[in-house]
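Data block for coords.cif (mmCIF, C-alpha atoms (C1' of nucleotides)):
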```cif
data_work
loop_
_atom_site.label_atom_id
_atom_site.label_comp_id
_atom_site.auth_asym_id
_atom_site.auth_seq_id
_atom_site.Cartn_x
_atom_site.Cartn_y
_atom_site.Cartn_z
CA MET M 1 196.29 200.60 139.99
CA SER M 2 196.97 199.38 143.46
CA LEU M 3 197.02 195.64 143.56
CA THR M 4 195.44 194.53 146.76
CA LEU M 5 196.12 191.26 148.47
CA ALA M 6 192.70 190.06 147.45
CA ASP M 7 193.49 190.87 143.83
CA ALA M 8 196.77 188.97 144.02
CA ILE M 9 195.10 185.90 145.46
CA GLU M 10 192.38 186.16 142.85
CA ARG M 11 194.95 186.18 140.07
CA HIS M 12 196.77 183.28 141.60
CA ILE M 13 193.62 181.18 141.66
CA LEU M 14 192.62 182.27 138.15
CA ALA M 15 196.06 181.33 136.84
CA GLN M 16 195.84 177.92 138.43
CA LEU M 17 192.36 177.46 137.01
CA ALA M 18 193.56 178.37 133.55
CA VAL M 19 196.22 175.69 133.75
CA ALA M 20 194.38 172.90 135.49
CA GLY M 21 190.69 173.65 135.09
CA GLU M 22 190.36 173.04 138.79
CA ILE M 23 192.27 174.09 141.87
CA ALA M 24 192.42 172.34 145.21
CA VAL M 25 194.27 174.03 148.02
CA GLN M 26 194.56 174.02 151.75
CA ARG M 27 193.30 177.28 153.09
CA VAL M 28 195.99 177.61 155.73
CA GLU M 29 198.72 176.85 153.21
CA LEU M 30 197.56 179.43 150.69
CA ALA M 31 197.28 181.98 153.48
CA ARG M 32 200.82 181.20 154.53
CA GLN M 33 202.10 181.79 150.98
CA TYR M 34 200.56 185.24 151.01
CA GLY M 35 201.35 185.96 154.63
CA CYS M 36 197.78 186.69 155.54
CA ALA M 37 195.03 185.41 157.81
CA PRO M 38 193.26 182.26 156.61
CA SER M 39 189.94 184.04 156.66
CA GLN M 40 191.25 186.29 153.91
CA ILE M 41 190.95 183.31 151.58
CA ASN M 42 187.29 183.09 152.42
CA TYR M 43 186.92 186.76 151.66
CA VAL M 44 188.42 186.33 148.21
CA LEU M 45 186.23 183.34 147.48
CA ALA M 46 183.12 185.10 148.74
CA THR M 47 183.66 188.27 146.75
CA ARG M 48 185.25 187.00 143.54
CA PHE M 49 184.50 183.35 143.02
CA THR M 50 180.76 183.50 143.43
CA PRO M 51 178.22 181.44 141.49
CA GLU M 52 176.96 184.63 139.86
CA ARG M 53 180.36 184.99 138.28
CA GLY M 54 180.34 181.38 137.19
CA PHE M 55 182.46 179.74 139.84
CA LEU M 56 181.79 176.89 142.21
CA THR M 57 183.58 176.14 145.43
CA GLU M 58 183.43 173.18 147.76
CA SER M 59 185.38 172.38 150.86
CA ARG M 60 185.91 169.94 153.66
CA ARG M 61 186.86 170.67 157.25
CA GLY M 62 188.83 168.65 159.70
CA GLY M 63 191.99 166.67 159.15
CA GLY M 64 192.83 166.51 155.47
CA GLY M 65 190.53 169.45 154.76
CA TYR M 66 190.68 171.40 151.50
CA ILE M 67 189.03 174.04 149.35
CA ARG M 68 188.30 173.34 145.68
CA VAL M 69 187.33 175.90 143.04
CA ARG M 70 186.18 175.33 139.48
CA ARG M 71 184.29 177.04 136.70
CA ALA M 72 180.63 176.35 136.21
CA ALA M 73 179.89 174.08 133.30
CA GLN M 74 176.68 175.96 132.43
CA PRO M 75 176.98 179.66 133.17
CA GLU M 76 173.54 180.34 131.65
CA LEU M 77 171.93 178.48 134.49
CA SER M 78 174.03 180.46 136.96
CA ARG M 79 172.70 183.66 135.46
CA ILE M 80 169.10 182.53 135.60
CA ALA M 81 169.60 181.47 139.21
CA ALA M 82 171.11 184.82 140.10
CA ALA M 83 168.19 186.62 138.46
CA LEU M 84 165.73 184.54 140.45
CA ARG M 85 167.61 185.31 143.65
CA ALA M 86 167.31 188.98 142.92
CA GLN M 87 163.50 188.88 142.93
CA PRO M 88 162.48 189.98 146.41
CA ASP M 89 158.87 188.84 145.97
CA GLY M 90 159.80 185.43 144.66
CA ILE M 91 158.00 183.93 141.68
CA ALA M 92 154.47 182.68 141.13
CA GLN M 93 153.67 179.21 139.89
CA ALA M 94 152.77 180.03 136.30
CA PRO M 95 155.87 182.04 135.43
CA ALA M 96 158.03 179.49 137.23
CA HIS M 97 156.60 176.66 135.15
CA ALA M 98 157.05 178.70 132.01
CA LEU M 99 160.64 179.37 132.91
CA ILE M 100 161.27 175.68 133.49
CA ALA M 101 159.67 174.83 130.17
CA ARG M 102 161.85 177.34 128.37
CA CYS M 103 164.96 175.87 129.96
CA ARG M 104 163.86 172.44 128.85
CA ASP M 105 163.18 173.60 125.31
CA ALA M 106 166.56 175.30 125.24
CA GLY M 107 168.20 172.01 126.11
CA LEU M 108 169.33 173.14 129.55
CA LEU M 109 167.09 170.66 131.32
CA THR M 110 166.04 167.13 130.44
CA GLY M 111 162.38 166.20 130.37
CA ARG M 112 162.69 164.37 133.64
CA GLU M 113 164.41 167.29 135.30
CA ALA M 114 161.78 169.70 134.10
CA ALA M 115 158.96 167.44 135.24
CA MET M 116 160.55 167.12 138.63
CA LEU M 117 161.01 170.86 139.04
CA GLN M 118 157.49 171.64 137.94
CA ALA M 119 156.09 169.09 140.36
CA LEU M 120 157.95 170.47 143.30
CA THR M 121 157.18 174.08 142.57
CA ARG M 122 153.45 173.42 142.55
CA ARG M 123 151.40 175.24 145.15
CA GLU M 124 150.38 172.07 146.90
CA ALA M 125 153.94 170.79 147.07
CA ILE M 126 155.17 173.86 148.86
CA GLY M 127 151.99 174.15 150.86
CA LEU M 128 152.50 177.57 152.40
CA PRO M 129 150.27 180.63 152.29
CA LEU M 130 151.24 183.58 150.14
CA PRO M 131 153.46 185.51 150.08
CA ALA M 132 155.90 183.06 151.66
CA ARG M 133 155.09 180.46 149.02
CA ASP M 134 156.40 182.48 146.11
CA VAL M 135 159.55 183.37 147.99
CA VAL M 136 160.33 179.78 148.88
CA ARG M 137 159.58 178.70 145.31
CA ALA M 138 162.09 181.17 143.92
CA ARG M 139 164.79 180.25 146.40
CA CYS M 140 164.41 176.52 145.80
CA LEU M 141 164.31 176.86 142.06
CA ALA M 142 167.35 179.13 142.07
CA SER M 143 169.30 176.67 144.19
CA ALA M 144 168.39 173.79 141.92
CA LEU M 145 169.40 175.57 138.73
CA LEU M 146 172.60 176.78 140.31
CA ALA M 147 173.50 173.25 141.29
CA LEU M 148 173.00 172.16 137.71
CA SER M 149 175.28 174.84 136.39
CA ASP M 150 178.01 172.72 137.89
CA GLU M 151 176.96 169.29 136.90
CA GLY M 152 177.73 169.51 133.18
CA MET Q 1 193.64 165.76 147.20
CA SER Q 2 194.63 164.66 150.65
CA LEU Q 3 193.39 161.17 151.17
CA THR Q 4 192.67 160.54 154.80
CA LEU Q 5 192.96 157.18 156.42
CA ALA Q 6 189.21 156.99 156.67
CA ASP Q 7 188.92 157.63 152.93
CA ALA Q 8 191.45 154.92 152.16
CA ILE Q 9 189.66 152.37 154.27
CA GLU Q 10 186.35 153.37 152.72
CA ARG Q 11 187.74 152.77 149.25
CA HIS Q 12 189.17 149.47 150.28
CA ILE Q 13 185.82 148.25 151.52
CA LEU Q 14 183.98 149.63 148.50
CA ALA Q 15 186.41 147.91 146.16
CA GLN Q 16 185.91 144.61 147.94
CA LEU Q 17 182.16 145.10 147.83
CA ALA Q 18 182.25 145.78 144.12
CA VAL Q 19 184.04 142.50 143.55
CA ALA Q 20 182.28 140.23 145.98
CA GLY Q 21 178.97 141.89 146.79
CA GLU Q 22 179.76 141.26 150.41
CA ILE Q 23 182.83 141.67 152.56
CA ALA Q 24 183.77 139.97 155.81
CA VAL Q 25 186.84 141.13 157.66
CA GLN Q 26 188.44 140.95 161.04
CA ARG Q 27 188.56 144.35 162.57
CA VAL Q 28 191.96 143.93 164.16
CA GLU Q 29 193.42 142.57 160.93
CA LEU Q 30 192.14 145.43 158.78
CA ALA Q 31 193.43 147.89 161.34
CA ARG Q 32 196.83 146.23 161.21
CA GLN Q 33 196.95 146.56 157.41
CA TYR Q 34 196.37 150.28 157.72
CA GLY Q 35 198.47 150.74 160.83
CA CYS Q 36 195.71 152.29 162.84
CA ALA Q 37 193.66 151.72 165.94
CA PRO Q 38 190.91 149.12 165.61
CA SER Q 39 188.32 151.66 166.62
CA GLN Q 40 189.15 153.56 163.45
CA ILE Q 41 187.38 150.78 161.57
CA ASN Q 42 184.28 151.45 163.60
CA TYR Q 43 184.59 155.12 162.77
CA VAL Q 44 184.66 154.40 159.06
CA LEU Q 45 181.69 152.07 159.30
CA ALA Q 46 179.73 154.49 161.44
CA THR Q 47 180.29 157.47 159.17
CA ARG Q 48 180.25 155.87 155.72
CA PHE Q 49 178.55 152.51 155.76
CA THR Q 50 175.35 153.49 157.48
CA PRO Q 51 171.88 152.17 156.70
CA GLU Q 52 170.99 155.65 155.48
CA ARG Q 53 173.60 155.27 152.80
CA GLY Q 54 172.28 151.87 151.92
CA PHE Q 55 174.64 149.56 153.75
CA LEU Q 56 174.06 146.87 156.32
CA THR Q 57 176.68 145.74 158.76
CA GLU Q 58 176.69 142.89 161.19
CA SER Q 59 179.38 141.60 163.44
CA ARG Q 60 180.27 139.04 166.03
CA ARG Q 61 182.58 139.34 168.98
CA GLY Q 62 184.73 136.76 170.65
CA GLY Q 63 186.93 134.11 169.10
CA GLY Q 64 186.42 133.93 165.35
CA GLY Q 65 184.73 137.30 165.42
CA TYR Q 66 184.17 139.30 162.23
CA ILE Q 67 182.54 142.32 160.65
CA ARG Q 68 180.42 141.89 157.57
CA VAL Q 69 179.23 144.64 155.25
CA ARG Q 70 176.75 144.40 152.41
CA ARG Q 71 174.46 146.60 150.38
CA ALA Q 72 170.85 146.96 151.38
CA ALA Q 73 168.03 146.19 148.97
CA GLN Q 74 167.25 148.83 146.36
CA PRO Q 75 164.67 151.40 147.30
CA GLU Q 76 161.88 152.47 144.97
CA LEU Q 77 160.92 156.06 144.29
CA SER Q 78 157.19 155.80 144.75
CA ARG Q 79 157.60 153.99 148.05
CA ILE Q 80 160.03 156.58 149.30
CA ALA Q 81 157.66 159.35 148.32
CA ALA Q 82 154.84 157.68 150.19
CA ALA Q 83 157.00 157.21 153.26
CA LEU Q 84 157.99 160.85 153.15
CA ARG Q 85 154.37 161.93 152.95
CA ALA Q 86 153.62 159.86 156.01
CA GLN Q 87 156.13 161.74 158.15
CA PRO Q 88 154.18 164.40 160.03
CA ASP Q 89 157.35 166.17 161.19
CA GLY Q 90 158.92 166.24 157.75
CA ILE Q 91 162.58 165.39 157.28
CA ALA Q 92 165.80 167.08 158.35
CA GLN Q 93 168.52 168.04 155.90
CA ALA Q 94 171.08 165.36 156.67
CA PRO Q 95 168.79 162.35 156.28
CA ALA Q 96 167.23 163.91 153.20
CA HIS Q 97 170.61 164.27 151.54
CA ALA Q 98 171.58 160.75 152.50
CA LEU Q 99 168.33 159.50 151.00
CA ILE Q 100 168.97 161.33 147.75
CA ALA Q 101 172.52 160.05 147.55
CA ARG Q 102 171.28 156.55 148.07
CA CYS Q 103 168.77 156.85 145.24
CA ARG Q 104 171.52 158.14 143.01
CA ASP Q 105 173.84 155.29 143.90
CA ALA Q 106 171.04 152.86 143.19
CA GLY Q 107 170.64 154.34 139.72
CA LEU Q 108 167.21 155.80 140.39
CA LEU Q 109 168.44 159.35 140.00
CA THR Q 110 171.07 160.79 137.73
CA GLY Q 111 173.92 162.76 139.20
CA ARG Q 112 172.33 165.99 137.98
CA GLU Q 113 168.95 165.16 139.47
CA ALA Q 114 170.53 164.27 142.78
CA ALA Q 115 172.61 167.44 142.83
CA MET Q 116 169.52 169.52 142.16
CA LEU Q 117 167.50 167.85 144.86
CA GLN Q 118 170.25 168.16 147.41
CA ALA Q 119 170.70 171.81 146.59
CA LEU Q 120 167.06 172.69 146.87
CA THR Q 121 166.55 170.83 150.11
CA ARG Q 122 169.32 172.75 151.79
CA ARG Q 123 168.38 174.82 154.81
CA GLU Q 124 169.28 178.07 153.13
CA ALA Q 125 167.35 177.21 149.99
CA ILE Q 126 164.13 176.70 151.87
CA GLY Q 127 164.92 179.51 154.26
CA LEU Q 128 162.16 178.98 156.79
CA PRO Q 129 162.47 178.51 160.52
CA LEU Q 130 161.91 175.09 162.02
CA PRO Q 131 159.68 173.20 162.23
CA ALA Q 132 158.11 174.45 158.99
CA ARG Q 133 161.36 173.94 157.10
CA ASP Q 134 161.46 170.19 157.61
CA VAL Q 135 157.83 169.86 156.61
CA VAL Q 136 158.25 171.80 153.39
CA ARG Q 137 161.39 169.84 152.59
CA ALA Q 138 159.53 166.56 152.89
CA ARG Q 139 156.61 167.73 150.79
CA CYS Q 140 158.79 169.06 147.99
CA LEU Q 141 161.02 166.04 147.94
CA ALA Q 142 158.07 163.67 147.90
CA SER Q 143 156.49 165.55 144.99
CA ALA Q 144 159.73 165.49 143.05
CA LEU Q 145 160.36 161.79 143.53
CA LEU Q 146 156.79 160.94 142.71
CA ALA Q 147 156.98 162.92 139.49
CA LEU Q 148 160.09 161.03 138.51
CA SER Q 149 158.56 157.68 139.24
CA ASP Q 150 155.80 158.55 136.78
CA GLU Q 151 158.20 159.93 134.25
CA GLY Q 152 159.99 156.59 133.95
"C1'" DA E 1 186.70 216.33 155.78
"C1'" DA E 2 182.77 213.26 155.86
"C1'" DG E 3 180.80 209.32 154.47
"C1'" DG E 4 180.70 205.16 152.20
"C1'" DT E 5 182.83 201.00 150.40
"C1'" DT E 6 186.24 197.51 150.23
"C1'" DT E 7 189.83 194.97 152.41
"C1'" DC E 8 191.72 192.43 156.17
"C1'" DT E 9 192.21 190.33 160.77
"C1'" DG E 10 191.35 187.74 165.11
"C1'" DA E 11 188.45 185.41 168.14
"C1'" DC E 12 185.26 182.01 168.24
"C1'" DT E 13 182.54 178.06 166.17
"C1'" DT E 14 181.75 173.85 163.66
"C1'" DT E 15 183.13 169.75 161.43
"C1'" DC E 16 185.90 165.86 160.78
"C1'" DC E 17 189.53 162.52 161.93
"C1'" DC E 18 191.72 159.41 165.00
"C1'" DT E 19 193.13 157.15 169.33
"C1'" DG E 20 193.19 154.91 173.90
"C1'" DA E 21 191.00 153.25 177.84
"C1'" DC E 22 187.45 150.59 179.22
"C1'" DC E 23 183.32 147.36 178.32
"C1'" DT E 24 180.76 143.35 176.37
"C1'" DT E 25 180.47 138.95 174.16
"C1'" DA E 26 182.01 134.49 172.35
"C1'" DT E 27 185.14 130.62 172.32
"C1'" DT E 28 188.44 127.53 174.36
"C1'" DA E 29 191.15 125.39 177.90
"C1'" DT E 30 191.25 123.67 182.64
"C1'" DA W 1 181.55 125.25 185.61
"C1'" DT W 2 185.12 128.46 185.67
"C1'" DA W 3 188.81 130.98 184.00
"C1'" DA W 4 191.47 132.56 180.30
"C1'" DT W 5 191.62 134.32 175.84
"C1'" DA W 6 190.09 136.44 171.72
"C1'" DA W 7 187.57 138.99 169.49
"C1'" DG W 8 184.42 143.44 168.57
"C1'" DG W 9 181.81 147.93 170.73
"C1'" DT W 10 181.56 152.43 172.95
"C1'" DC W 11 182.69 156.91 174.11
"C1'" DA W 12 185.06 160.99 175.56
"C1'" DG W 13 188.44 163.84 174.09
"C1'" DG W 14 192.33 165.92 171.52
"C1'" DG W 15 193.92 167.77 167.28
"C1'" DA W 16 193.44 169.45 162.53
"C1'" DA W 17 191.28 171.70 159.40
"C1'" DA W 18 187.67 175.21 157.44
"C1'" DG W 19 183.60 178.68 158.46
"C1'" DT W 20 181.63 182.88 160.54
"C1'" DC W 21 181.28 187.48 161.71
"C1'" DA W 22 182.02 191.86 164.01
"C1'" DG W 23 184.92 195.39 163.67
"C1'" DA W 24 189.38 197.75 162.52
"C1'" DA W 25 191.96 199.67 158.76
"C1'" DA W 26 192.54 201.34 154.29
"C1'" DC W 27 190.72 203.34 150.31
"C1'" DC W 28 187.64 206.12 147.50
"C1'" DT W 29 184.23 209.94 146.36
"C1'" DT W 30 182.27 213.97 146.76
#
```
Would you encode the structure as structure tokens?
Amino acid sequence: MSLTLADAIERHILAQLAVAGEIAVQRVELARQYGCAPSQINYVLATRFTPERGFLTESRRGGGGYIRVRRAAQPELSRIAAALRAQPDGIAQAPAHALIARCRDAGLLTGREAAMLQALTRREAIGLPLPARDVVRARCLASALLALSDEG
Amino acid sequence: MSLTLADAIERHILAQLAVAGEIAVQRVELARQYGCAPSQINYVLATRFTPERGFLTESRRGGGGYIRVRRAAQPELSRIAAALRAQPDGIAQAPAHALIARCRDAGLLTGREAAMLQALTRREAIGLPLPARDVVRARCLASALLALSDEG
DNA sequence: AAGGTTTCTGACTTTCCCTGACCTTATTAT
DNA sequence: ATAATAAGGTCAGGGAAAGTCAGAAACCTT
């Protein structure tokens, strides 16, 4: 039952999210509150607020920098993206197109979005020899679906 | 939500543009309003009002000098796709993302479509070494945009 | 106790913002 | 014409963030 620093920071962010739906902090400031190194914040974000768990983070460096965290609007797409990522051999064209069609039929993608994704996952569009082609196809498709999980 | 000086000036110019379609200012005067160095205005123009983002700027020095900013003509998806295909070296990430953002701002892409395209043209999404990465990025992006131009 | 996993830090890197000193160009006064 | 003045342009560099990553430290598991 030991509550680690990472757990405490996780709870803090979750509590803020519950209240506001979105949290924007300065990394150095949050680290100061918890008396830890700034990179600890990155650790918490990397291990607990991942896309697979349905979170999205963005940040900006330099003067006026910040870190923002929010919940994914479409966690289903996050899950599909994570599953694709977990395929070491990537995905062939036919199953990829079928997957896209299912997402469209399920209302997760518009017709335009589906058409676009099918076009750019075609063999000729990627234009690499196997097996690299299937790997790149899976990575690109996963990234695209993950991005959509945000965009409501 | 720290709003930097550069952000504030950007908004100011955008607001003026929205009203008038074109803005003409004196650099030193705008700098005075914001209490900053004149060269800060150049920084804002150079980082935010670039041709890649769809803006055109012209200026004149000397007495009665000015800086003028306006929006560039709207691009067209099929033309962009063709231009991309004609690039033998492909396209790097930064210009690709700027291109996508510009299409979105011009109403040619929805926010979701743009987010997807930016995500899947990221370095890590493609995951190949250069120069292959830039080539694949261009091919995929061209295929996607072309599909959309058909799709209406 | 050994071995593995998770947590945490510090040094270094990258990105972004902003300024000041100096340069170029156009207009106006002499 | 020439000099003075009134603009804008350029660039190196400093400072303010956040990111990265190897490795130490702490914590489990067996």
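You will find atom CA of Asn42 of chain Q at 20.9 Å from atom CA of Arg102 of chain Q.
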Using only C-alpha atoms (C1' of nucleotides), which residues sit within 12 Å of Arg104 of chain Q once same-chain residues fewer than 3 positions away are excluded, as a PyMOL selection string?
chain Q and resi 53-54+74-77+97-101+107-118+145
Prev. selection, C-alpha atoms, output as a compact mmCIF listing (two decimals), in the frame of the given file:
```txt
# COMPACT_ATOMS: atom_id res chain seq x y z
CA ARG Q 53 173.60 155.27 152.80
CA GLY Q 54 172.28 151.87 151.92
CA GLN Q 74 167.25 148.83 146.36
CA PRO Q 75 164.67 151.40 147.30
CA GLU Q 76 161.88 152.47 144.97
CA LEU Q 77 160.92 156.06 144.29
CA HIS Q 97 170.61 164.27 151.54
CA ALA Q 98 171.58 160.75 152.50
CA LEU Q 99 168.33 159.50 151.00
CA ILE Q 100 168.97 161.33 147.75
CA ALA Q 101 172.52 160.05 147.55
CA GLY Q 107 170.64 154.34 139.72
CA LEU Q 108 167.21 155.80 140.39
CA LEU Q 109 168.44 159.35 140.00
CA THR Q 110 171.07 160.79 137.73
CA GLY Q 111 173.92 162.76 139.20
CA ARG Q 112 172.33 165.99 137.98
CA GLU Q 113 168.95 165.16 139.47
CA ALA Q 114 170.53 164.27 142.78
CA ALA Q 115 172.61 167.44 142.83
CA MET Q 116 169.52 169.52 142.16
CA LEU Q 117 167.50 167.85 144.86
CA GLN Q 118 170.25 168.16 147.41
CA LEU Q 145 160.36 161.79 143.53
```
Counting only C-alpha atoms (C1' of nucleotides), which residues of chain Q sit at most 9 Å from some atom of chain E, and what is each one's closest atom pair with its distance in Å to one decimal, listed by chain and rising residue number, as CSV?
```
residue,atom,partner,partner_atom,distance
Q:Thr4,CA,E:DC17,C1',8.0
Q:Leu5,CA,E:DC17,C1',8.4
Q:Ala6,CA,E:DC17,C1',7.6
Q:Cys36,CA,E:DC18,C1',8.4
Q:Ala37,CA,E:DT19,C1',6.4
Q:Ser39,CA,E:DT19,C1',7.8
Q:Gln40,CA,E:DC18,C1',6.6
Q:Tyr43,CA,E:DC18,C1',8.6
Q:Arg60,CA,E:DA26,C1',8.0
Q:Arg61,CA,E:DT25,C1',5.6
Q:Gly62,CA,E:DA26,C1',3.9
Q:Gly63,CA,E:DT27,C1',5.1
Q:Gly64,CA,E:DT27,C1',7.8
Q:Gly65,CA,E:DA26,C1',8.0
```
Superimposed copy of chain Q on chain M by least squares over C-alpha atoms, as a tab-separated table (two decimals) with C-alpha atoms, in the frame of the given file:
```
chain	number	residue	atom	x	y	z
Q	1	MET	CA	184.84	198.86	136.87
Q	2	SER	CA	186.31	198.76	140.33
Q	3	LEU	CA	187.75	195.35	140.90
Q	4	THR	CA	187.63	194.46	144.54
Q	5	LEU	CA	190.11	192.19	146.20
Q	6	ALA	CA	187.47	189.53	146.48
Q	7	ASP	CA	186.82	189.75	142.74
Q	8	ALA	CA	190.52	189.44	141.98
Q	9	ILE	CA	190.91	186.38	144.13
Q	10	GLU	CA	187.79	184.87	142.60
Q	11	ARG	CA	189.23	185.31	139.12
Q	12	HIS	CA	192.51	183.85	140.18
Q	13	ILE	CA	190.85	180.71	141.46
Q	14	LEU	CA	188.57	180.45	138.45
Q	15	ALA	CA	191.52	180.78	136.10
Q	16	GLN	CA	193.37	178.03	137.92
Q	17	LEU	CA	190.27	175.86	137.84
Q	18	ALA	CA	189.88	176.37	134.13
Q	19	VAL	CA	193.42	175.15	133.58
Q	20	ALA	CA	193.64	172.32	136.05
Q	21	GLY	CA	190.08	171.33	136.87
Q	22	GLU	CA	191.08	171.45	140.49
Q	23	ILE	CA	193.07	173.85	142.61
Q	24	ALA	CA	194.91	173.27	145.87
Q	25	VAL	CA	196.40	176.23	147.67
Q	26	GLN	CA	197.70	177.22	151.04
Q	27	ARG	CA	195.50	179.84	152.53
Q	28	VAL	CA	198.29	181.84	154.09
Q	29	GLU	CA	200.29	181.77	150.87
Q	30	LEU	CA	197.42	182.99	148.70
Q	31	ALA	CA	196.71	185.71	151.22
Q	32	ARG	CA	200.34	186.78	151.07
Q	33	GLN	CA	200.21	187.04	147.27
Q	34	TYR	CA	197.28	189.41	147.54
Q	35	GLY	CA	198.52	191.21	150.63
Q	36	CYS	CA	195.43	190.52	152.64
Q	37	ALA	CA	194.30	188.77	155.77
Q	38	PRO	CA	194.02	184.99	155.49
Q	39	SER	CA	190.39	185.14	156.50
Q	40	GLN	CA	189.73	187.05	153.30
Q	41	ILE	CA	190.29	183.78	151.47
Q	42	ASN	CA	187.55	182.22	153.52
Q	43	TYR	CA	185.31	185.12	152.65
Q	44	VAL	CA	185.85	184.59	148.94
Q	45	LEU	CA	185.22	180.87	149.24
Q	46	ALA	CA	182.14	181.37	151.37
Q	47	THR	CA	180.55	183.91	149.06
Q	48	ARG	CA	181.60	182.65	145.63
Q	49	PHE	CA	182.61	179.03	145.72
Q	50	THR	CA	179.58	177.62	147.46
Q	51	PRO	CA	177.90	174.30	146.73
Q	52	GLU	CA	174.90	176.25	145.48
Q	53	ARG	CA	177.09	177.69	142.78
Q	54	GLY	CA	178.41	174.27	141.95
Q	55	PHE	CA	181.71	174.18	143.78
Q	56	LEU	CA	183.09	171.84	146.39
Q	57	THR	CA	185.78	172.81	148.82
Q	58	GLU	CA	187.71	170.74	151.28
Q	59	SER	CA	190.56	171.63	153.52
Q	60	ARG	CA	192.94	170.38	156.13
Q	61	ARG	CA	194.45	172.20	159.05
Q	62	GLY	CA	197.77	171.77	160.73
Q	63	GLY	CA	201.18	171.27	159.19
Q	64	GLY	CA	200.93	170.73	155.45
Q	65	GLY	CA	197.41	172.09	155.50
Q	66	TYR	CA	195.65	173.14	152.29
Q	67	ILE	CA	192.42	174.25	150.69
Q	68	ARG	CA	191.14	172.46	147.64
Q	69	VAL	CA	188.41	173.66	145.30
Q	70	ARG	CA	186.74	171.77	142.48
Q	71	ARG	CA	183.57	171.82	140.45
Q	72	ALA	CA	180.66	169.67	141.48
Q	73	ALA	CA	179.09	167.17	139.10
Q	74	GLN	CA	176.74	168.56	136.47
Q	75	PRO	CA	173.10	168.73	137.40
Q	76	GLU	CA	170.32	167.61	135.09
Q	77	LEU	CA	167.19	169.61	134.38
Q	78	SER	CA	164.61	166.91	134.87
Q	79	ARG	CA	166.13	165.90	138.19
Q	80	ILE	CA	166.18	169.46	139.39
Q	81	ALA	CA	162.56	169.90	138.40
Q	82	ALA	CA	161.60	166.80	140.31
Q	83	ALA	CA	163.51	167.95	143.37
Q	84	LEU	CA	161.79	171.30	143.21
Q	85	ARG	CA	158.39	169.66	143.03
Q	86	ALA	CA	159.23	167.67	146.12
Q	87	GLN	CA	159.82	170.78	148.22
Q	88	PRO	CA	156.58	171.46	150.08
Q	89	ASP	CA	157.73	174.92	151.19
Q	90	GLY	CA	158.85	175.98	147.74
Q	91	ILE	CA	162.13	177.81	147.24
Q	92	ALA	CA	163.37	181.24	148.27
Q	93	GLN	CA	164.73	183.75	145.78
Q	94	ALA	CA	168.43	183.50	146.56
Q	95	PRO	CA	168.76	179.73	146.22
Q	96	ALA	CA	166.56	179.79	143.14
Q	97	HIS	CA	168.82	182.31	141.44
Q	98	ALA	CA	171.91	180.37	142.43
Q	99	LEU	CA	170.35	177.24	140.98
Q	100	ILE	CA	169.59	178.97	137.70
Q	101	ALA	CA	173.08	180.42	137.48
Q	102	ARG	CA	174.52	177.00	138.05
Q	103	CYS	CA	172.46	175.49	135.25
Q	104	ARG	CA	173.63	178.26	132.98
Q	105	ASP	CA	177.26	177.73	133.88
Q	106	ALA	CA	176.83	174.04	133.22
Q	107	GLY	CA	175.54	174.81	129.74
Q	108	LEU	CA	172.02	173.59	130.42
Q	109	LEU	CA	170.54	177.04	129.98
Q	110	THR	CA	171.51	179.84	127.67
Q	111	GLY	CA	172.29	183.24	129.09
Q	112	ARG	CA	168.94	184.54	127.85
Q	113	GLU	CA	167.00	181.67	129.38
Q	114	ALA	CA	168.77	182.12	132.68
Q	115	ALA	CA	168.17	185.87	132.68
Q	116	MET	CA	164.49	185.31	132.01
Q	117	LEU	CA	164.11	182.76	134.75
Q	118	GLN	CA	165.94	184.88	137.27
Q	119	ALA	CA	163.81	187.87	136.41
Q	120	LEU	CA	160.53	186.07	136.71
Q	121	THR	CA	161.40	184.40	139.98
Q	122	ARG	CA	162.15	187.71	141.61
Q	123	ARG	CA	160.06	188.65	144.61
Q	124	GLU	CA	158.54	191.63	142.89
Q	125	ALA	CA	157.70	189.65	139.78
Q	126	ILE	CA	155.66	187.13	141.69
Q	127	GLY	CA	154.35	189.78	144.04
Q	128	LEU	CA	152.66	187.56	146.60
Q	129	PRO	CA	153.20	187.48	150.34
Q	130	LEU	CA	155.09	184.60	151.88
Q	131	PRO	CA	154.72	181.70	152.13
Q	132	ALA	CA	152.72	181.52	148.89
Q	133	ARG	CA	155.47	183.30	146.98
Q	134	ASP	CA	158.06	180.61	147.53
Q	135	VAL	CA	155.60	177.90	146.57
Q	136	VAL	CA	154.61	179.57	143.32
Q	137	ARG	CA	158.25	180.23	142.52
Q	138	ALA	CA	159.09	176.56	142.87
Q	139	ARG	CA	156.14	175.42	140.78
Q	140	CYS	CA	156.86	177.83	137.95
Q	141	LEU	CA	160.54	177.10	137.91
Q	142	ALA	CA	159.96	173.36	137.93
Q	143	SER	CA	157.53	173.65	135.01
Q	144	ALA	CA	159.96	175.76	133.04
Q	145	LEU	CA	162.92	173.45	133.56
Q	146	LEU	CA	160.85	170.41	132.78
Q	147	ALA	CA	159.66	171.95	129.54
Q	148	LEU	CA	163.24	172.64	128.55
Q	149	SER	CA	164.36	169.14	129.33
Q	150	ASP	CA	161.74	167.89	126.89
Q	151	GLU	CA	162.58	170.49	124.32
Q	152	GLY	CA	166.16	169.22	124.04
```
When the PyMOL selection byres ((chain W) within 9 of (chain M)) is applied to the structure above, which residues does it catch, written out as a ChimeraX atom specification?
/W:15-19
Rounded to one decimal in Å, what is the spacing between atom CA of Ser143 of chain Q and atom CA of Gly90 of chain Q?
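Result for atom CA of Ser143 of chain Q versus atom CA of Gly90 of chain Q: 13.0 Å, one decimal.
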Residue IDs satisfying the PyMOL selection byres ((chain M) within 6 of (chain Q)), as a PyMOL selection string:
chain M and resi 64+116+119-120+125-126+136+139-140+143-144+147+151
